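Report on the structure given below.
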Amino acid sequence: MRLSRVSSPSARAVAALVLTLSAFTFIPAARGAEKAPPAQAAFGEVFPAGVYTNLGAAGAADAKVDLKGTIGKKPVVFCYWIPEHERSEEALQAAQQIADQAGTSKLAVYGVVTQPVGANASVVADWLKSVKERIAALKIHVPVLEDDGFKVGRLLAVRSVPSIAVLDAEGRLRMANAASMKQALEYKMDVGDALRRLASTGVLGTYGALPPYFPAVELVGKKCPDFEAPLLGDGTMRKASSLLAPNKVNVLIFWSEDCPHCRKSLPQINAYLKAHPDGINVISAAKVLTDAARLQTEAFCKQEGFIFPTVADSELKMGQMFMVTSTPTVFIIRPDGVIDSVLFSGEADYGATFDAKKKELLKS
């Protein structure tokens with residue numbers, strides 16, 4: 001599903017304040033020290049209700065939402081999101097679509113947002129504007145709760161977006177920390193399937209806080225997205241077609257110079273490539289958002305003597321295209337350009353993996 005994007009400077013500025021594309025970490029601090037922050041809600045227990053401002057309200061009649069009128073009366077889905085964060089917007093739209101198909105009496109969906117931490121009045125005003133613009137652009141008609149003080153976020157232990165949590169028909173918290181409708185829960189059932197079943201039966205087992213999810217796995221089996229990016233150093237624009245080798249196993253690495261796992265992994269991959277150059281083609285895409293980061297990245301590449309080309313992901317467009325949420329993320333791409341598999345930080349013996357993939361994918 002392709003989403004429309006707003007391009008106003010204020011919206012982009014606000015999005016930049018609250019969005020870290022390298023990891024999507026999202027840990028606001030509670031505003032005000034007069035009250036202790038709420039403890040994390042217990043799974044299997046009834047979720048506490050509260051009254052919240054509805055930023056998607058059409059008028060005064062629905063400007064406030066009292067969750068007491070919903071919790072315990074029908075299943076509830078909370079979807080934490082950030083304006084212009086594409087995956088979190090997609091998750092909210094998908095949850096809304098499931099609720100629309102099931103009927104409002106069967107499933108209640110709430111979008112949830114929180115203000116940028118420590119922002120002044122001007123930034124908060126821009127943020128409110130951006131939220132309402134995105135609600136309109138995305139055609140969101142479910143209530144969007146303003147989580148003032150990050151109360152709901154703390155109850156649900158939200159650490160990244162999208163973050164989807166589910167209450168059953170009795171109002172008991174059954175699942176939290178879901179990051180995609182395609183995230184697997186069990187054999188032949190993903191989060192989207194669970195929400196449809198919940199809407200139908202009102203019942204859901206306790207899945208607890210789901211483990212971290214890496215959406216890049218959704219690209220496995222699909223053609224490598226076409227990209228164009230400047231080479232680090234001379235700025236020459238290069239397309240995927242000129243960087244991927246049709247007769248080799250291609251390795252595309254997303255990394256950042258300030259990532260300790262990357263500083264360890266990339267020299268290991270470089271050493272392997274020097275010792276085993278046949279049958280493998282390595283390309284890296286480095287996150288370089290500032291001039292200082294560019295200089296530091298170039299210096300690191302030179303210091304380590306990397307023999308593979310590095311393109312600069314200066315606007316994180318490549319990272320978004322490949323759904324990268326952590327670094328390093330390593331894509332194994334078949335000679336025909338189809339993504340074979342994805343490796344994440346700390347989970348692979350790169351040399352052994354590359355050797356195995358060459359045997360498997362270069363059979364001829």
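How things are named: the first chain in the structure tokens is A, the next is B, and so on; residues count from 1 in each chain; ligands count from 1 in the order shown.
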Self-check item: 9 Å contact set for Ala165 in chain A, only C-alpha atoms, chain neighbours under 4 positions out, as a list in words
Solution: Val76, Val77, Phe78, Cys79, Tyr80, Leu156, Leu173, Arg174, Met175, Ala176, Asn177, Ala178 and Ala209 of chain A
Create the file for the chosen residues now, containing C-alpha atoms and written as a PDB file, in the first residue's frame.
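To be explicit, this is the file written out as part_39.pdb:
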ATOM      1  CA  VAL A  76      -9.617  -3.023  21.853  1.00  0.00           C
ATOM      2  CA  VAL A  77      -6.526  -2.389  19.730  1.00  0.00           C
ATOM      3  CA  PHE A  78      -4.081   0.403  20.568  1.00  0.00           C
ATOM      4  CA  CYS A  79      -1.757   1.409  17.735  1.00  0.00           C
ATOM      5  CA  TYR A  80       1.065   3.774  18.677  1.00  0.00           C
ATOM      6  CA  LEU A 156       2.107  -0.788  27.393  1.00  0.00           C
ATOM      7  CA  LEU A 173      -4.253  -7.102  28.124  1.00  0.00           C
ATOM      8  CA  ARG A 174      -3.240 -10.018  25.925  1.00  0.00           C
ATOM      9  CA  MET A 175      -0.525  -8.747  23.605  1.00  0.00           C
ATOM     10  CA  ALA A 176       1.815  -5.772  23.270  1.00  0.00           C
ATOM     11  CA  ASN A 177       4.821  -4.647  21.250  1.00  0.00           C
ATOM     12  CA  ALA A 178       3.566  -5.999  17.921  1.00  0.00           C
ATOM     13  CA  ALA A 209       5.208  -8.581  24.936  1.00  0.00           C
TER      14      ALA A 209
END
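Using only C-alpha atoms, the contacts of Thr201 in chain A at a cut-off of 12 Å, with sequence neighbours closer than 4 positions omitted, comprise Lys74, Pro75, Ala102, Lys106, Leu107, Asp168, Ala169, Glu170, Ala194, Leu195, Arg196, Arg197 and Gly205 of chain A.
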Can you pull out every residue within 9 Å of range 48-57 of chain A, counting only C-alpha atoms, but drop anything in the same chain fewer than 4 positions away, and send it as a short mmCIF file (atom, residue, chain, number, x, y, z; two decimals) with C-alpha atoms, in the first residue's frame?
data_model
loop_
_atom_site.label_atom_id
_atom_site.label_comp_id
_atom_site.auth_asym_id
_atom_site.auth_seq_id
_atom_site.Cartn_x
_atom_site.Cartn_y
_atom_site.Cartn_z
CA ALA A 41 0.13 -3.08 32.89
CA ALA A 61 -19.05 15.82 20.81
CA ASP A 62 -16.14 13.44 20.29
CA ALA A 63 -13.29 15.68 21.46
CA LYS A 64 -12.73 13.46 24.50
CA VAL A 65 -12.63 9.66 24.67
CA ASP A 66 -13.42 7.87 27.94
CA LEU A 67 -12.05 4.36 27.60
CA LYS A 68 -14.37 3.23 30.37
CA GLY A 69 -17.10 3.13 27.75
CA THR A 70 -15.16 0.61 25.64
CA ILE A 71 -12.80 -1.48 27.77
CA LEU A 128 -0.43 19.06 16.48
CA VAL A 131 -0.85 14.96 13.36
CA LYS A 132 -4.14 16.40 12.13
CA ILE A 135 -5.09 11.94 10.05
CA ALA A 136 -6.86 13.69 7.18
CA ILE A 140 -8.15 7.87 9.63
CA HIS A 141 -11.61 7.89 11.20
CA VAL A 142 -10.91 5.93 14.38
CA PRO A 143 -10.13 8.06 17.46
CA VAL A 144 -6.52 9.19 17.79
CA LEU A 145 -5.67 9.58 21.47
CA GLU A 146 -3.18 12.18 22.66
CA ASP A 147 -1.16 10.31 25.28
CA ASP A 148 -0.30 13.27 27.49
CA LEU A 155 1.35 1.02 30.67
CA GLY A 171 -10.60 -5.74 28.74
#
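Among the candidates A:Val249, A:Ala137, A:Val217, A:Val113, the one nearest to Gly279 in chain A when counting only C-alpha atoms is A:Val249.
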Self-check item: Test item, strand (DSSP E) assignment across range 56-224 of chain A, answer as a ChimeraX atom specification
Solution: /A:64-66,76-80,108-113,144-146,163-167,173-178,184-186,189-190,208-209
Written file, previous selection with N, CA and C atoms, as a compact mmCIF listing (two decimals), in the first residue's frame:
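Resulting contents of result_21.txt:
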# COMPACT_ATOMS: atom_id res chain seq x y z
N LYS A 64 -13.32 14.25 23.43
CA LYS A 64 -12.73 13.46 24.50
C LYS A 64 -13.19 12.01 24.36
N VAL A 65 -12.31 11.08 24.70
CA VAL A 65 -12.63 9.66 24.67
C VAL A 65 -12.44 9.10 26.08
N ASP A 66 -13.50 8.55 26.65
CA ASP A 66 -13.42 7.87 27.94
C ASP A 66 -13.37 6.37 27.67
N VAL A 76 -10.22 -4.33 22.12
CA VAL A 76 -9.62 -3.02 21.85
C VAL A 76 -8.21 -3.22 21.29
N VAL A 77 -7.88 -2.41 20.29
CA VAL A 77 -6.53 -2.39 19.73
C VAL A 77 -5.97 -0.97 19.87
N PHE A 78 -4.81 -0.85 20.51
CA PHE A 78 -4.08 0.40 20.57
C PHE A 78 -2.95 0.35 19.55
N CYS A 79 -2.83 1.37 18.74
CA CYS A 79 -1.76 1.41 17.73
C CYS A 79 -0.98 2.70 17.89
N TYR A 80 0.20 2.61 18.52
CA TYR A 80 1.06 3.77 18.68
C TYR A 80 1.72 4.09 17.33
N ALA A 108 -12.75 -2.25 18.62
CA ALA A 108 -12.45 -0.82 18.72
C ALA A 108 -10.95 -0.61 18.49
N VAL A 109 -10.62 0.33 17.62
CA VAL A 109 -9.22 0.65 17.34
C VAL A 109 -8.96 2.10 17.73
N TYR A 110 -7.84 2.31 18.42
CA TYR A 110 -7.42 3.65 18.79
C TYR A 110 -5.99 3.89 18.32
N GLY A 111 -5.80 4.94 17.53
CA GLY A 111 -4.45 5.41 17.28
C GLY A 111 -3.98 6.15 18.53
N VAL A 112 -2.69 6.11 18.81
CA VAL A 112 -2.15 6.79 19.99
C VAL A 112 -0.88 7.53 19.58
N VAL A 113 -0.79 8.81 19.98
CA VAL A 113 0.41 9.60 19.71
C VAL A 113 0.79 10.36 20.98
N VAL A 144 -7.96 9.13 17.60
CA VAL A 144 -6.52 9.19 17.79
C VAL A 144 -6.28 9.87 19.14
N LEU A 145 -5.82 9.10 20.11
CA LEU A 145 -5.67 9.58 21.47
C LEU A 145 -4.35 10.32 21.65
N GLU A 146 -4.41 11.49 22.28
CA GLU A 146 -3.18 12.18 22.66
C GLU A 146 -2.76 11.64 24.03
N SER A 163 3.68 0.22 17.43
CA SER A 163 3.55 -0.65 18.59
C SER A 163 2.07 -0.94 18.78
N ILE A 164 1.70 -2.18 18.57
CA ILE A 164 0.30 -2.59 18.59
C ILE A 164 0.04 -3.43 19.84
N ALA A 165 -0.99 -3.06 20.61
CA ALA A 165 -1.36 -3.80 21.80
C ALA A 165 -2.83 -4.17 21.72
N VAL A 166 -3.20 -5.27 22.36
CA VAL A 166 -4.55 -5.82 22.22
C VAL A 166 -5.14 -6.15 23.57
N LEU A 167 -6.40 -5.74 23.78
CA LEU A 167 -7.20 -6.16 24.92
C LEU A 167 -8.32 -7.06 24.40
N LEU A 173 -5.38 -7.29 29.03
CA LEU A 173 -4.25 -7.10 28.12
C LEU A 173 -3.70 -8.46 27.72
N ARG A 174 -3.68 -8.72 26.42
CA ARG A 174 -3.24 -10.02 25.93
C ARG A 174 -1.96 -9.96 25.10
N MET A 175 -1.69 -8.83 24.48
CA MET A 175 -0.53 -8.75 23.61
C MET A 175 -0.06 -7.30 23.52
N ALA A 176 1.24 -7.11 23.45
CA ALA A 176 1.81 -5.77 23.27
C ALA A 176 3.10 -5.89 22.45
N ASN A 177 3.54 -4.74 21.96
CA ASN A 177 4.82 -4.65 21.25
C ASN A 177 4.80 -5.30 19.87
N ALA A 178 3.62 -5.52 19.30
CA ALA A 178 3.57 -6.00 17.92
C ALA A 178 3.97 -4.86 17.00
N ALA A 184 4.64 -12.91 12.80
CA ALA A 184 4.11 -14.24 13.13
C ALA A 184 3.90 -14.39 14.63
N LEU A 185 2.77 -14.96 15.00
CA LEU A 185 2.48 -15.29 16.39
C LEU A 185 2.63 -16.79 16.64
N GLU A 186 2.17 -17.57 15.69
CA GLU A 186 2.29 -19.01 15.76
C GLU A 186 2.11 -19.54 14.35
N MET A 189 -0.46 -18.14 11.69
CA MET A 189 -1.23 -17.02 12.24
C MET A 189 -0.31 -15.86 12.55
N ASP A 190 -0.61 -14.72 11.92
CA ASP A 190 0.15 -13.52 12.20
C ASP A 190 -0.73 -12.54 12.99
N GLY A 208 1.67 -11.88 25.50
CA GLY A 208 2.63 -11.04 26.21
C GLY A 208 3.27 -10.01 25.31
N ALA A 209 4.45 -9.55 25.73
CA ALA A 209 5.21 -8.58 24.94
C ALA A 209 5.97 -9.33 23.85
Quiz prompt | Best match for closeness to Ala199 in chain A among A:Ala216, A:Ala312, A:Ala99, A:Val46, counting only C-alpha atoms | solution = A:Ala99
Quiz item: What residues in range 138-178 of chain A get the DSSP label helix (DSSP H, G or I)? Please answer as a list in words.
Solution: Asp148, Gly149, Phe150, Lys151, Val152, Gly153, Arg154 and Leu155 of chain A
Could you give me, as JSON lines, every range 156-234 of chain A residue with an atom at most 12 Å from range 251-254 of chain A, plus its closest atom pair and distance in Å to one decimal, counting only C-alpha atoms, rows ordered by chain then number?
{"residue": "A:Ala216", "atom": "CA", "partner": "A:Phe254", "partner_atom": "CA", "distance": 11.3}
{"residue": "A:Cys224", "atom": "CA", "partner": "A:Leu252", "partner_atom": "CA", "distance": 10.1}
{"residue": "A:Pro225", "atom": "CA", "partner": "A:Leu252", "partner_atom": "CA", "distance": 11.6}
{"residue": "A:Phe227", "atom": "CA", "partner": "A:Leu252", "partner_atom": "CA", "distance": 11.9}
Take the residues from that selection and put them in a file with N, CA and C atoms, as a short mmCIF file (atom, residue, chain, number, x, y, z; two decimals), in the first residue's frame.
data_model
loop_
_atom_site.label_atom_id
_atom_site.label_comp_id
_atom_site.auth_asym_id
_atom_site.auth_seq_id
_atom_site.Cartn_x
_atom_site.Cartn_y
_atom_site.Cartn_z
N ALA A 216 12.38 -6.00 7.70
CA ALA A 216 13.14 -6.33 6.48
C ALA A 216 12.91 -7.76 6.04
N CYS A 224 14.86 -7.39 -5.37
CA CYS A 224 15.56 -6.31 -4.67
C CYS A 224 15.03 -4.97 -5.15
N PRO A 225 14.60 -4.09 -4.24
CA PRO A 225 14.11 -2.77 -4.67
C PRO A 225 15.17 -2.04 -5.48
N PHE A 227 17.27 1.05 -6.55
CA PHE A 227 17.69 2.24 -5.84
C PHE A 227 18.75 2.99 -6.63
#
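Considering the residues A:Val191, A:Ala348, A:Leu266, A:Val311 and counting only C-alpha atoms, Gly233 in chain A has its shortest atom-to-atom contact with A:Val311.
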Practice problem: Name the residues in contact with Asp234 in chain A at a cut-off of 12 Å, using only C-alpha atoms, excluding same-chain residues fewer than 4 positions from it; report them as a PyMOL selection string. | Solution: chain A and resi 229-230+238+294+298+309-312
Go ahead and save the residues from that selection, with N, CA and C atoms, as a compact mmCIF listing (two decimals), in the first residue's frame.
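After the write, result.txt holds the following:
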# COMPACT_ATOMS: atom_id res chain seq x y z
N ALA A 229 21.84 5.90 -5.53
CA ALA A 229 22.44 6.63 -4.42
C ALA A 229 23.86 7.04 -4.80
N PRO A 230 24.39 8.10 -4.16
CA PRO A 230 25.74 8.56 -4.48
C PRO A 230 26.81 7.72 -3.80
N ARG A 238 24.90 6.01 -8.45
CA ARG A 238 24.93 4.63 -8.93
C ARG A 238 23.57 3.99 -8.72
N ARG A 294 29.57 12.23 7.40
CA ARG A 294 30.17 11.84 6.12
C ARG A 294 31.70 11.73 6.24
N GLU A 298 33.83 8.31 5.85
CA GLU A 298 34.90 8.20 4.85
C GLU A 298 36.21 7.82 5.50
N PRO A 309 32.37 -1.08 -2.63
CA PRO A 309 31.83 0.28 -2.74
C PRO A 309 30.83 0.58 -1.63
N THR A 310 30.78 1.83 -1.23
CA THR A 310 29.83 2.29 -0.22
C THR A 310 29.04 3.46 -0.78
N VAL A 311 27.73 3.37 -0.72
CA VAL A 311 26.87 4.49 -1.12
C VAL A 311 26.38 5.19 0.14
N ALA A 312 26.09 6.47 0.00
CA ALA A 312 25.65 7.28 1.13
C ALA A 312 24.12 7.34 1.17
Practice problem: Measure the distance from CA of Trp81 in chain A to CA of Ser105 in chain A in Å and round it to one decimal. | Solution: 23.7 Å
Quiz item: What is the distance, in Å and to one decimal place, between CA of Leu210 in chain A and CA of Arg172 in chain A?
Solution: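 Pair CA of Leu210 in chain A / CA of Arg172 in chain A returns 16.2 Å.
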Quiz item: With only C-alpha atoms as the atoms that count, which of A:Thr325, A:Pro260, A:Gly149, A:Val342 lies nearest to Thr114 in chain A?
Solution: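 Smallest distance to Thr114 in chain A is found for A:Gly149.
Reported to one decimal place, the separation of CA of Tyr350 in chain A from CA of Asp278 in chain A is 15.4 Å.
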Quiz item: From the list A:Ser200, A:Gln320, A:Ser345, A:Thr206, which residue is nearest Arg87 in chain A when using only C-alpha atoms?
Solution: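 The answer is A:Gln320, which sits nearest to Arg87 in chain A.
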Quiz item: With only C-alpha atoms as the basis for distance, which of A:Gln93, A:Ser284, A:Asn270, A:Thr236 is at the shortest distance from Gly192 in chain A?
Solution: A:Gln93
